[in-house]
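Engineer: File follows, start35.cif with mmCIF, C-alpha atoms:
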```
data_entry
#
loop_
_atom_site.group_PDB
_atom_site.id
_atom_site.type_symbol
_atom_site.label_atom_id
_atom_site.label_comp_id
_atom_site.auth_asym_id
_atom_site.auth_seq_id
_atom_site.Cartn_x
_atom_site.Cartn_y
_atom_site.Cartn_z
ATOM 1 C CA MET A 216 38.935 -40.470 57.349
ATOM 2 C CA GLU A 217 40.028 -36.854 56.919
ATOM 3 C CA TYR A 218 41.619 -34.138 59.022
ATOM 4 C CA GLY A 219 40.031 -30.754 59.467
ATOM 5 C CA GLY A 220 37.628 -28.810 61.658
ATOM 6 C CA PRO A 221 35.327 -30.176 64.334
ATOM 7 C CA GLU A 222 32.874 -31.354 61.674
ATOM 8 C CA VAL A 223 35.209 -34.197 60.584
ATOM 9 C CA LEU A 224 34.659 -36.037 63.861
ATOM 10 C CA GLY A 225 32.487 -39.081 63.312
ATOM 11 C CA VAL A 226 31.290 -42.263 64.974
ATOM 12 C CA VAL A 227 32.911 -45.497 63.805
ATOM 13 C CA GLU A 228 32.388 -49.122 64.780
ATOM 14 C CA LEU A 229 35.469 -50.916 66.126
ATOM 15 C CA PRO A 230 35.941 -54.299 67.811
ATOM 16 C CA THR A 231 35.517 -54.214 71.593
ATOM 17 C CA PRO A 232 39.018 -54.489 73.096
ATOM 18 C CA GLU A 233 39.930 -57.216 75.564
ATOM 19 C CA ALA A 234 42.048 -56.599 78.658
ATOM 20 C CA GLY A 235 45.426 -58.198 77.992
ATOM 21 C CA PRO A 236 48.107 -59.169 80.500
ATOM 22 C CA GLY A 237 48.598 -56.393 83.041
ATOM 23 C CA GLN A 238 45.564 -54.500 81.753
ATOM 24 C CA VAL A 239 42.027 -53.673 82.789
ATOM 25 C CA ARG A 240 39.103 -52.689 80.593
ATOM 26 C CA VAL A 241 36.920 -49.678 81.307
ATOM 27 C CA ARG A 242 33.403 -49.098 80.008
ATOM 28 C CA VAL A 243 33.727 -45.369 79.453
ATOM 29 C CA GLY A 244 31.090 -43.054 80.864
ATOM 30 C CA ALA A 245 32.838 -39.767 80.048
ATOM 31 C CA ALA A 246 35.926 -38.492 78.235
ATOM 32 C CA ALA A 247 37.311 -34.993 78.695
ATOM 33 C CA VAL A 248 38.275 -32.909 75.654
ATOM 34 C CA SER A 249 41.716 -31.282 75.699
ATOM 35 C CA PRO A 250 43.692 -29.136 73.241
ATOM 36 C CA THR A 251 45.769 -32.219 72.412
ATOM 37 C CA ASP A 252 42.622 -33.838 71.024
ATOM 38 C CA THR A 253 41.942 -30.911 68.715
ATOM 39 C CA HIS A 254 45.498 -31.127 67.356
ATOM 40 C CA VAL A 255 44.985 -34.825 66.620
ATOM 41 C CA ARG A 256 41.745 -34.058 64.769
ATOM 42 C CA ALA A 257 43.203 -31.106 62.831
ATOM 43 C CA GLY A 258 46.115 -33.170 61.510
ATOM 44 C CA THR A 259 49.032 -31.394 63.165
ATOM 45 C CA ARG A 260 50.226 -34.832 64.315
ATOM 46 C CA ALA A 261 49.381 -36.704 61.135
ATOM 47 C CA GLU A 262 52.963 -37.742 60.457
ATOM 48 C CA GLN A 263 53.337 -39.248 63.918
ATOM 49 C CA GLN A 264 49.995 -41.020 63.646
ATOM 50 C CA ALA A 265 50.854 -42.525 60.278
ATOM 51 C CA LYS A 266 53.872 -44.227 61.875
ATOM 52 C CA ILE A 267 51.652 -45.826 64.522
ATOM 53 C CA GLY A 268 49.121 -47.375 62.198
ATOM 54 C CA PRO A 269 46.213 -46.827 59.814
ATOM 55 C CA PRO A 270 43.084 -44.801 60.624
ATOM 56 C CA PRO A 271 40.657 -44.377 62.227
ATOM 57 C CA TYR A 272 42.439 -42.310 64.864
ATOM 58 C CA VAL A 273 40.578 -41.978 68.144
ATOM 59 C CA PRO A 274 41.495 -38.986 70.345
ATOM 60 C CA GLY A 275 41.170 -38.628 74.093
ATOM 61 C CA MET A 276 43.550 -38.763 77.052
ATOM 62 C CA ASP A 277 41.096 -38.735 79.986
ATOM 63 C CA ALA A 278 38.405 -41.272 80.772
ATOM 64 C CA ALA A 279 36.103 -42.173 83.625
ATOM 65 C CA GLY A 280 33.729 -45.098 83.787
ATOM 66 C CA VAL A 281 33.171 -48.582 85.157
ATOM 67 C CA LEU A 282 35.892 -51.211 85.314
ATOM 68 C CA ASP A 283 34.389 -54.273 83.640
ATOM 69 C CA GLN A 284 37.284 -56.648 82.942
ATOM 70 C CA ILE A 285 40.629 -57.488 84.553
ATOM 71 C CA GLY A 286 43.376 -59.145 82.512
ATOM 72 C CA GLU A 287 45.902 -61.718 83.647
ATOM 73 C CA ASP A 288 48.663 -60.547 85.982
ATOM 74 C CA ALA A 289 47.073 -57.128 86.427
ATOM 75 C CA ASP A 290 48.670 -55.698 89.580
ATOM 76 C CA THR A 291 45.637 -53.908 90.985
ATOM 77 C CA ASP A 292 43.301 -53.925 93.949
ATOM 78 C CA LEU A 293 40.463 -52.687 91.758
ATOM 79 C CA GLN A 294 37.455 -54.917 91.193
ATOM 80 C CA VAL A 295 34.959 -55.324 88.391
ATOM 81 C CA GLY A 296 32.212 -52.776 88.932
ATOM 82 C CA ASP A 297 34.438 -50.111 90.480
ATOM 83 C CA HIS A 298 33.952 -46.560 89.246
ATOM 84 C CA VAL A 299 37.351 -45.480 87.962
ATOM 85 C CA MET A 300 39.237 -42.726 86.176
ATOM 86 C CA ALA A 301 42.207 -43.182 83.882
ATOM 87 C CA ILE A 302 44.837 -41.491 81.793
ATOM 88 C CA VAL A 303 44.853 -42.770 78.225
ATOM 89 C CA LEU A 304 47.774 -42.526 75.815
ATOM 90 C CA PRO A 305 46.049 -42.459 72.417
ATOM 91 C CA ARG A 306 47.638 -44.690 69.780
ATOM 92 C CA GLY A 307 45.853 -45.067 66.476
ATOM 93 C CA SER A 308 42.343 -46.316 67.229
ATOM 94 C CA HIS A 309 43.117 -46.463 70.958
ATOM 95 C CA GLY A 310 41.842 -43.302 72.641
ATOM 96 C CA ALA A 311 39.453 -42.230 75.381
ATOM 97 C CA TYR A 312 36.628 -41.280 72.968
ATOM 98 C CA SER A 313 35.494 -44.908 73.058
ATOM 99 C CA GLU A 314 32.759 -46.933 74.679
ATOM 100 C CA TYR A 315 35.412 -49.373 75.907
ATOM 101 C CA VAL A 316 39.141 -48.928 76.401
ATOM 102 C CA ALA A 317 41.756 -51.427 77.603
ATOM 103 C CA LEU A 318 44.522 -49.841 79.659
ATOM 104 C CA PRO A 319 47.525 -50.706 81.792
ATOM 105 C CA ALA A 320 46.231 -51.323 85.308
ATOM 106 C CA LYS A 321 48.742 -48.722 86.529
ATOM 107 C CA SER A 322 46.951 -46.029 84.490
ATOM 108 C CA VAL A 323 43.681 -46.485 86.377
ATOM 109 C CA THR A 324 42.457 -45.658 89.873
ATOM 110 C CA ARG A 325 39.156 -45.128 91.654
ATOM 111 C CA MET A 326 37.161 -41.984 91.001
ATOM 112 C CA PRO A 327 36.964 -39.405 93.781
ATOM 113 C CA GLU A 328 34.121 -40.359 96.063
ATOM 114 C CA GLY A 329 30.931 -38.523 95.194
ATOM 115 C CA SER A 330 32.140 -37.355 91.780
ATOM 116 C CA SER A 331 30.370 -37.861 88.480
ATOM 117 C CA PHE A 332 31.965 -39.566 85.499
ATOM 118 C CA ALA A 333 32.164 -36.162 83.817
ATOM 119 C CA GLY A 334 33.884 -34.546 86.792
ATOM 120 C CA ALA A 335 36.344 -37.385 87.329
ATOM 121 C CA SER A 336 37.328 -37.380 83.649
ATOM 122 C CA THR A 337 38.697 -33.836 83.944
ATOM 123 C CA LEU A 338 41.401 -34.751 86.472
ATOM 124 C CA PRO A 339 43.870 -37.435 85.276
ATOM 125 C CA MET A 340 45.865 -35.933 82.407
ATOM 126 C CA ASN A 341 46.092 -32.327 83.583
ATOM 127 C CA GLY A 342 46.445 -33.328 87.211
ATOM 128 C CA LEU A 343 49.322 -35.684 86.441
ATOM 129 C CA THR A 344 50.945 -33.094 84.170
ATOM 130 C CA ALA A 345 50.910 -30.545 86.990
ATOM 131 C CA ARG A 346 52.178 -33.147 89.464
ATOM 132 C CA LEU A 347 55.070 -33.982 87.140
ATOM 133 C CA SER A 348 56.023 -30.311 86.737
ATOM 134 C CA LEU A 349 56.071 -29.857 90.508
ATOM 135 C CA ASP A 350 58.151 -32.991 90.983
ATOM 136 C CA GLN A 351 60.618 -31.777 88.351
ATOM 137 C CA LEU A 352 60.926 -28.353 89.963
ATOM 138 C CA ALA A 353 61.375 -30.003 93.393
ATOM 139 C CA LEU A 354 60.648 -26.847 95.372
ATOM 140 C CA GLN A 355 60.551 -26.902 99.149
ATOM 141 C CA PRO A 356 57.732 -25.610 101.369
ATOM 142 C CA GLY A 357 57.955 -21.838 101.662
ATOM 143 C CA GLN A 358 59.606 -21.340 98.273
ATOM 144 C CA THR A 359 57.867 -19.334 95.560
ATOM 145 C CA LEU A 360 56.354 -20.690 92.358
ATOM 146 C CA ALA A 361 55.011 -18.559 89.501
ATOM 147 C CA VAL A 362 52.234 -20.016 87.355
ATOM 148 C CA THR A 363 51.160 -18.546 84.016
ATOM 149 C CA GLY A 364 47.941 -19.554 82.330
ATOM 150 C CA ALA A 365 46.589 -20.048 85.849
ATOM 151 C CA ALA A 366 42.942 -20.007 84.774
ATOM 152 C CA GLY A 367 43.521 -22.991 82.503
ATOM 153 C CA CYS A 368 43.327 -26.629 83.537
ATOM 154 C CA TYR A 369 47.075 -27.240 83.853
ATOM 155 C CA GLY A 370 47.642 -23.843 85.445
ATOM 156 C CA GLY A 371 44.776 -24.250 87.881
ATOM 157 C CA TYR A 372 46.075 -27.621 89.051
ATOM 158 C CA MET A 373 49.569 -26.165 89.371
ATOM 159 C CA VAL A 374 48.225 -23.540 91.768
ATOM 160 C CA GLU A 375 46.150 -25.984 93.800
ATOM 161 C CA LEU A 376 48.822 -28.674 94.050
ATOM 162 C CA ALA A 377 51.550 -26.142 94.810
ATOM 163 C CA LYS A 378 49.510 -24.754 97.697
ATOM 164 C CA ALA A 379 48.957 -28.291 98.957
ATOM 165 C CA ASP A 380 52.767 -28.705 98.846
ATOM 166 C CA GLY A 381 53.222 -25.597 100.998
ATOM 167 C CA LEU A 382 54.511 -23.242 98.311
ATOM 168 C CA ARG A 383 53.899 -19.524 97.884
ATOM 169 C CA VAL A 384 52.200 -19.022 94.521
ATOM 170 C CA ILE A 385 52.205 -16.007 92.219
ATOM 171 C CA ALA A 386 49.688 -16.561 89.432
ATOM 172 C CA ASP A 387 48.688 -14.535 86.397
ATOM 173 C CA SER A 388 45.126 -13.791 85.383
ATOM 174 C CA SER A 389 42.930 -11.625 83.233
ATOM 175 C CA GLU A 390 40.615 -9.306 85.127
ATOM 176 C CA ALA A 391 37.700 -11.589 84.271
ATOM 177 C CA ASP A 392 39.399 -14.656 85.754
ATOM 178 C CA GLU A 393 40.747 -13.144 88.974
ATOM 179 C CA GLU A 394 37.997 -14.596 91.158
ATOM 180 C CA LEU A 395 38.550 -18.055 89.654
ATOM 181 C CA VAL A 396 42.327 -17.968 90.118
ATOM 182 C CA ALA A 397 41.907 -16.673 93.666
ATOM 183 C CA SER A 398 39.634 -19.638 94.387
ATOM 184 C CA PHE A 399 42.529 -21.965 93.552
ATOM 185 C CA GLY A 400 44.479 -20.425 96.426
ATOM 186 C CA ALA A 401 47.031 -18.184 94.696
ATOM 187 C CA ASP A 402 48.807 -15.907 97.191
ATOM 188 C CA VAL A 403 49.423 -13.134 94.660
ATOM 189 C CA ILE A 404 47.616 -12.494 91.368
ATOM 190 C CA VAL A 405 49.221 -10.370 88.650
ATOM 191 C CA ARG A 406 47.759 -9.274 85.334
ATOM 192 C CA ARG A 407 48.628 -11.590 82.476
ATOM 193 C CA GLY A 408 50.306 -10.314 79.311
ATOM 194 C CA ASP A 409 53.582 -10.012 77.423
ATOM 195 C CA ASP A 410 55.266 -8.230 80.339
ATOM 196 C CA VAL A 411 54.039 -10.597 83.050
ATOM 197 C CA ALA A 412 57.641 -11.438 84.027
ATOM 198 C CA GLU A 413 58.105 -7.836 85.187
ATOM 199 C CA ARG A 414 54.933 -7.965 87.256
ATOM 200 C CA ILE A 415 56.010 -11.238 88.855
ATOM 201 C CA ARG A 416 59.354 -9.642 89.790
ATOM 202 C CA GLU A 417 57.498 -6.874 91.614
ATOM 203 C CA HIS A 418 56.442 -9.522 94.132
ATOM 204 C CA ALA A 419 59.651 -11.578 93.983
ATOM 205 C CA PRO A 420 62.472 -9.051 93.459
ATOM 206 C CA ASP A 421 65.174 -11.734 93.303
ATOM 207 C CA GLY A 422 63.088 -13.903 91.002
ATOM 208 C CA VAL A 423 60.847 -16.858 91.758
ATOM 209 C CA ASP A 424 62.316 -20.223 92.677
ATOM 210 C CA GLY A 425 60.335 -21.956 89.961
ATOM 211 C CA LEU A 426 57.949 -21.159 87.124
ATOM 212 C CA ALA A 427 55.336 -23.286 85.364
ATOM 213 C CA ASP A 428 54.709 -21.983 81.848
ATOM 214 C CA GLY A 429 51.020 -22.718 81.362
ATOM 215 C CA SER A 430 50.652 -19.805 78.927
ATOM 216 C CA VAL A 431 53.396 -21.230 76.669
ATOM 217 C CA GLN A 432 55.236 -17.905 76.408
ATOM 218 C CA MET A 433 58.610 -19.571 76.944
ATOM 219 C CA ALA A 434 61.636 -17.241 76.561
ATOM 220 C CA PRO A 435 60.001 -13.981 77.783
ATOM 221 C CA LEU A 436 59.135 -15.650 81.095
ATOM 222 C CA VAL A 437 62.679 -16.674 81.973
ATOM 223 C CA ALA A 438 63.325 -13.193 83.356
ATOM 224 C CA ALA A 439 60.934 -13.946 86.216
ATOM 225 C CA VAL A 440 63.073 -16.845 87.516
ATOM 226 C CA CYS A 441 65.953 -16.436 89.951
ATOM 227 C CA ASP A 442 69.507 -17.510 89.117
ATOM 228 C CA GLY A 443 69.684 -21.282 89.442
ATOM 229 C CA GLY A 444 65.889 -21.608 89.669
ATOM 230 C CA GLY A 445 63.637 -23.939 87.707
ATOM 231 C CA PHE A 446 61.423 -23.566 84.628
ATOM 232 C CA ALA A 447 58.833 -26.178 83.578
ATOM 233 C CA SER A 448 57.550 -26.243 79.992
ATOM 234 C CA VAL A 449 54.586 -28.258 78.736
ATOM 235 C CA ARG A 450 55.400 -27.726 75.061
ATOM 236 C CA GLY A 451 58.804 -29.338 74.826
ATOM 237 C CA TRP A 452 60.852 -26.146 75.034
ATOM 238 C CA PRO A 453 64.387 -27.075 76.144
ATOM 239 C CA GLY A 454 65.148 -23.566 77.451
ATOM 240 C CA ASN A 455 67.923 -21.136 76.691
ATOM 241 C CA GLY A 456 70.444 -22.132 79.353
ATOM 242 C CA GLU A 457 70.298 -18.690 80.931
ATOM 243 C CA ARG A 458 71.711 -17.959 84.427
ATOM 244 C CA GLY A 459 72.047 -21.543 85.534
ATOM 245 C CA ILE A 460 68.292 -22.081 85.393
ATOM 246 C CA GLN A 461 67.207 -25.714 85.200
ATOM 247 C CA PHE A 462 64.796 -26.197 82.311
ATOM 248 C CA HIS A 463 62.382 -29.117 82.528
ATOM 249 C CA VAL A 464 60.263 -30.525 79.719
ATOM 250 C CA THR A 465 57.033 -31.906 81.172
ATOM 251 C CA TRP A 466 55.661 -34.842 79.166
ATOM 252 C CA VAL A 467 52.729 -36.459 80.945
ATOM 253 C CA PHE A 468 53.524 -39.725 79.130
ATOM 254 C CA ASP A 469 56.278 -40.137 81.757
ATOM 255 C CA TYR A 470 53.618 -40.411 84.480
ATOM 256 C CA ALA A 471 51.070 -42.477 82.557
ATOM 257 C CA LYS A 472 51.672 -45.544 84.747
ATOM 258 C CA GLU A 473 52.237 -43.721 88.041
ATOM 259 C CA GLN A 474 49.145 -45.161 89.671
ATOM 260 C CA ALA A 475 50.118 -44.019 93.164
ATOM 261 C CA LYS A 476 50.337 -40.408 91.970
ATOM 262 C CA LEU A 477 47.001 -40.688 90.181
ATOM 263 C CA ASP A 478 45.450 -42.104 93.321
ATOM 264 C CA ARG A 479 46.948 -39.262 95.357
ATOM 265 C CA LEU A 480 45.090 -36.872 93.069
ATOM 266 C CA ARG A 481 41.903 -38.801 93.811
ATOM 267 C CA GLN A 482 42.506 -38.369 97.526
ATOM 268 C CA GLN A 483 43.282 -34.667 97.128
ATOM 269 C CA ALA A 484 40.051 -34.196 95.194
ATOM 270 C CA GLU A 485 38.144 -35.904 97.994
ATOM 271 C CA ASP A 486 39.908 -33.658 100.518
ATOM 272 C CA GLY A 487 39.018 -30.519 98.572
ATOM 273 C CA GLN A 488 42.622 -29.691 97.657
ATOM 274 C CA VAL A 489 42.012 -29.993 93.907
ATOM 275 C CA SER A 490 38.860 -29.240 91.938
ATOM 276 C CA LEU A 491 37.040 -31.116 89.198
ATOM 277 C CA ARG A 492 36.224 -28.616 86.476
ATOM 278 C CA VAL A 493 33.474 -29.377 83.968
ATOM 279 C CA ALA A 494 32.709 -26.560 81.531
ATOM 280 C CA GLY A 495 29.853 -28.521 79.957
ATOM 281 C CA THR A 496 28.872 -31.910 78.572
ATOM 282 C CA VAL A 497 27.750 -33.246 75.197
ATOM 283 C CA PRO A 498 26.606 -36.706 74.086
ATOM 284 C CA MET A 499 28.981 -38.823 72.020
ATOM 285 C CA GLU A 500 27.289 -37.963 68.737
ATOM 286 C CA ASN A 501 27.834 -34.234 69.410
ATOM 287 C CA ALA A 502 31.573 -34.450 70.103
ATOM 288 C CA SER A 503 32.190 -31.862 67.377
ATOM 289 C CA GLU A 504 30.371 -29.273 69.492
ATOM 290 C CA ALA A 505 32.812 -29.771 72.362
ATOM 291 C CA HIS A 506 35.767 -29.306 69.992
ATOM 292 C CA ALA A 507 34.233 -26.173 68.507
ATOM 293 C CA ARG A 508 33.602 -24.646 71.928
ATOM 294 C CA LEU A 509 37.142 -25.384 73.084
ATOM 295 C CA GLU A 510 38.678 -23.878 69.954
ATOM 296 C CA ALA A 511 36.499 -20.786 70.251
ATOM 297 C CA GLY A 512 38.523 -19.870 73.347
ATOM 298 C CA GLY A 513 37.555 -18.731 76.794
ATOM 299 C CA THR A 514 36.718 -22.193 78.116
ATOM 300 C CA ARG A 515 37.329 -22.600 81.836
ATOM 301 C CA GLY A 516 37.438 -26.237 82.788
ATOM 302 C CA ARG A 517 36.898 -29.065 80.327
ATOM 303 C CA TRP A 518 34.128 -29.901 77.921
ATOM 304 C CA VAL A 519 33.261 -33.554 78.377
ATOM 305 C CA ILE A 520 31.853 -36.172 75.993
ATOM 306 C CA GLU A 521 29.390 -38.522 77.687
ATOM 307 C CA PHE A 522 28.697 -42.078 76.535
#
```
Step by step, read the file and then write its structure as structure tokens.
Structural biologist:
Amino acid sequence: MEYGGPEVLGVVELPTPEAGPGQVRVRVGAAAVSPTDTHVRAGTRAEQQAKIGPPPYVPGMDAAGVLDQIGEDADTDLQVGDHVMAIVLPRGSHGAYSEYVALPAKSVTRMPEGSSFAGASTLPMNGLTARLSLDQLALQPGQTLAVTGAAGCYGGYMVELAKADGLRVIADSSEADEELVASFGADVIVRRGDDVAERIREHAPDGVDGLADGSVQMAPLVAAVCDGGGFASVRGWPGNGERGIQFHVTWVFDYAKEQAKLDRLRQQAEDGQVSLRVAGTVPMENASEAHARLEAGGTRGRWVIEF
């Protein structure tokens, strides 16, 4: 095994996992590709992986497929044969880029009715990440949330879920993505860039009540938040303690077993409140193509590996 560019991805044979106590097993039909997966492949997390166990390391945090085994004491109303989606916390050879994956029952719920495996696989990780950020910010209906990186998967779900929660949303966008961001329901769209905090303030003179940093700009965005407001970071930034602002680090691992929240996302997808965003699909043996396309930039939605 070696780290490197997309070309280092390869197919390996591993034993089929069994569903242990409290687990279910999913025969994977599709796995979404996220930036986290490309970091795993490139080796930026090699030190952490080495502590978990030997290679091969299997990426992937989102899966959809058919539930085909239920372990002892699994607290679930799911049945063998159900079409499901799941969030996967990759550990060594345990990742969503697999034909079979055994997971905590609380990490799995039914797919949105009428969705494909590919579509359903795009929702769990980013949807739960956005849900966690909103729960951390704890804004009330009518308050204002700013979202940067709104055309991305996390940012798009932040906009959609915030609108479903009754919030006013100011979102950033490039000119090319304005129509897309508007389709998510943003109330105000401002041009993205290094001075986006100033443009947000033009529409919220006292500062927004909360901000979700999907563009990972961190410190320059704090100026957009009101005194005592909230700031959610998806890259572990602890904040600068400025003006009584509450800084929240959003780690989706904290919601990996929040089955009720995952199922709420399913219901919201069925109700049309959140969208399933597939940029394209590739067969398992062409997984490197999906990584290359993601790293080339400009992807809207998720590339998906199909099994």
Engineer: Could you list, as a list in words, every residue matched by the PyMOL selection byres ((chain A and resi 351) around 10) in this structure?
Structural biologist: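 After applying the PyMOL selection byres ((chain A and resi 351) around 10), what remains is Ala345, Arg346, Leu347, Ser348, Leu349, Asp350, Leu352, Ala353, Leu354, Gly425, Gly445, Phe446, Ala447, Gln461, Phe462, His463, Val464 and Thr465 of chain A.
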Engineer: To test your reading of the syntax: which residues would the PyMOL selection byres ((chain A and resi 405-421) around 12) return for the file shown? Reply as an MDAnalysis selection string.
Structural biologist: chainID A and resid 358:366 383:393 396:397 401:404 422:426 428:444
Engineer: Return as a tab-separated table the residues of region 413-508 of chain A lying at most 12 Å from region 284-296 of chain A, together with the closest atom-to-atom pair for each and the distance in Å to one decimal, counting all atoms listed in the file, with rows in chain order and ascending residue number.
Structural biologist:
```
residue	atom	partner	partner_atom	distance
A:Lys472	CA	A:Asp290	CA	11.6
A:Gln474	CA	A:Thr291	CA	9.5
A:Ala475	CA	A:Thr291	CA	11.1
A:Asp478	CA	A:Leu293	CA	11.8
```
Engineer: Counting all atoms listed in the file, which of A:Gly459, A:Gly367, A:Pro232, A:Gly357 gets nearest to Thr514 (chain A)?
Structural biologist: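 Looking only at the distances to Thr514 (chain A), the closest residue turns out to be A:Gly367.
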Engineer: Step by step, work through what the PyMOL selection byres ((chain A and resi 491) around 6) selects in the shown file, and finish by giving those residues as a ChimeraX atom specification.
Structural biologist: /A:334,490,492
Engineer: In Å, with one decimal, what is the gap from CA of Glu521 (chain A) to CA of Ala246 (chain A)?
Structural biologist: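 CA of Ala246 (chain A) lies 6.6 Å from CA of Glu521 (chain A).
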Engineer: Which residues come within 9 Å of region 303-318 of chain A, counting all atoms listed in the file, excluding same-chain residues fewer than 6 positions away, as an mmCIF file with C-alpha atoms, in the coordinates of the input?
Structural biologist:
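Final output, out-v3.cif:
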```
data_model
loop_
_atom_site.group_PDB
_atom_site.id
_atom_site.type_symbol
_atom_site.label_atom_id
_atom_site.label_comp_id
_atom_site.auth_asym_id
_atom_site.auth_seq_id
_atom_site.Cartn_x
_atom_site.Cartn_y
_atom_site.Cartn_z
ATOM 1 C CA LEU A 229 35.469 -50.916 66.126
ATOM 2 C CA THR A 231 35.517 -54.214 71.593
ATOM 3 C CA PRO A 232 39.018 -54.489 73.096
ATOM 4 C CA GLU A 233 39.930 -57.216 75.564
ATOM 5 C CA ALA A 234 42.048 -56.599 78.658
ATOM 6 C CA GLY A 235 45.426 -58.198 77.992
ATOM 7 C CA GLY A 237 48.598 -56.393 83.041
ATOM 8 C CA GLN A 238 45.564 -54.500 81.753
ATOM 9 C CA VAL A 239 42.027 -53.673 82.789
ATOM 10 C CA ARG A 240 39.103 -52.689 80.593
ATOM 11 C CA VAL A 241 36.920 -49.678 81.307
ATOM 12 C CA ARG A 242 33.403 -49.098 80.008
ATOM 13 C CA VAL A 243 33.727 -45.369 79.453
ATOM 14 C CA GLY A 244 31.090 -43.054 80.864
ATOM 15 C CA ALA A 245 32.838 -39.767 80.048
ATOM 16 C CA ALA A 246 35.926 -38.492 78.235
ATOM 17 C CA ALA A 247 37.311 -34.993 78.695
ATOM 18 C CA VAL A 248 38.275 -32.909 75.654
ATOM 19 C CA GLN A 264 49.995 -41.020 63.646
ATOM 20 C CA ALA A 265 50.854 -42.525 60.278
ATOM 21 C CA ILE A 267 51.652 -45.826 64.522
ATOM 22 C CA GLY A 268 49.121 -47.375 62.198
ATOM 23 C CA PRO A 269 46.213 -46.827 59.814
ATOM 24 C CA PRO A 270 43.084 -44.801 60.624
ATOM 25 C CA PRO A 271 40.657 -44.377 62.227
ATOM 26 C CA TYR A 272 42.439 -42.310 64.864
ATOM 27 C CA VAL A 273 40.578 -41.978 68.144
ATOM 28 C CA PRO A 274 41.495 -38.986 70.345
ATOM 29 C CA GLY A 275 41.170 -38.628 74.093
ATOM 30 C CA MET A 276 43.550 -38.763 77.052
ATOM 31 C CA ASP A 277 41.096 -38.735 79.986
ATOM 32 C CA ALA A 278 38.405 -41.272 80.772
ATOM 33 C CA ALA A 279 36.103 -42.173 83.625
ATOM 34 C CA GLN A 284 37.284 -56.648 82.942
ATOM 35 C CA PRO A 339 43.870 -37.435 85.276
ATOM 36 C CA MET A 340 45.865 -35.933 82.407
ATOM 37 C CA PHE A 468 53.524 -39.725 79.130
ATOM 38 C CA ALA A 471 51.070 -42.477 82.557
ATOM 39 C CA MET A 499 28.981 -38.823 72.020
ATOM 40 C CA ALA A 502 31.573 -34.450 70.103
ATOM 41 C CA ILE A 520 31.853 -36.172 75.993
ATOM 42 C CA PHE A 522 28.697 -42.078 76.535
#
```
Engineer: Scan for residues within 8 Å of the point (46.5, -29.4, 59.1) in the coordinates of the file, using only C-alpha atoms, and reply as a JSON list (two decimals) with C-alpha atoms, in the frame of the given file.
Structural biologist:
```json
[["chain", "number", "residue", "atom", "x", "y", "z"],
["A", 218, "TYR", "CA", 41.62, -34.14, 59.02],
["A", 219, "GLY", "CA", 40.03, -30.75, 59.47],
["A", 257, "ALA", "CA", 43.20, -31.11, 62.83],
["A", 258, "GLY", "CA", 46.12, -33.17, 61.51],
["A", 259, "THR", "CA", 49.03, -31.39, 63.16]]
```
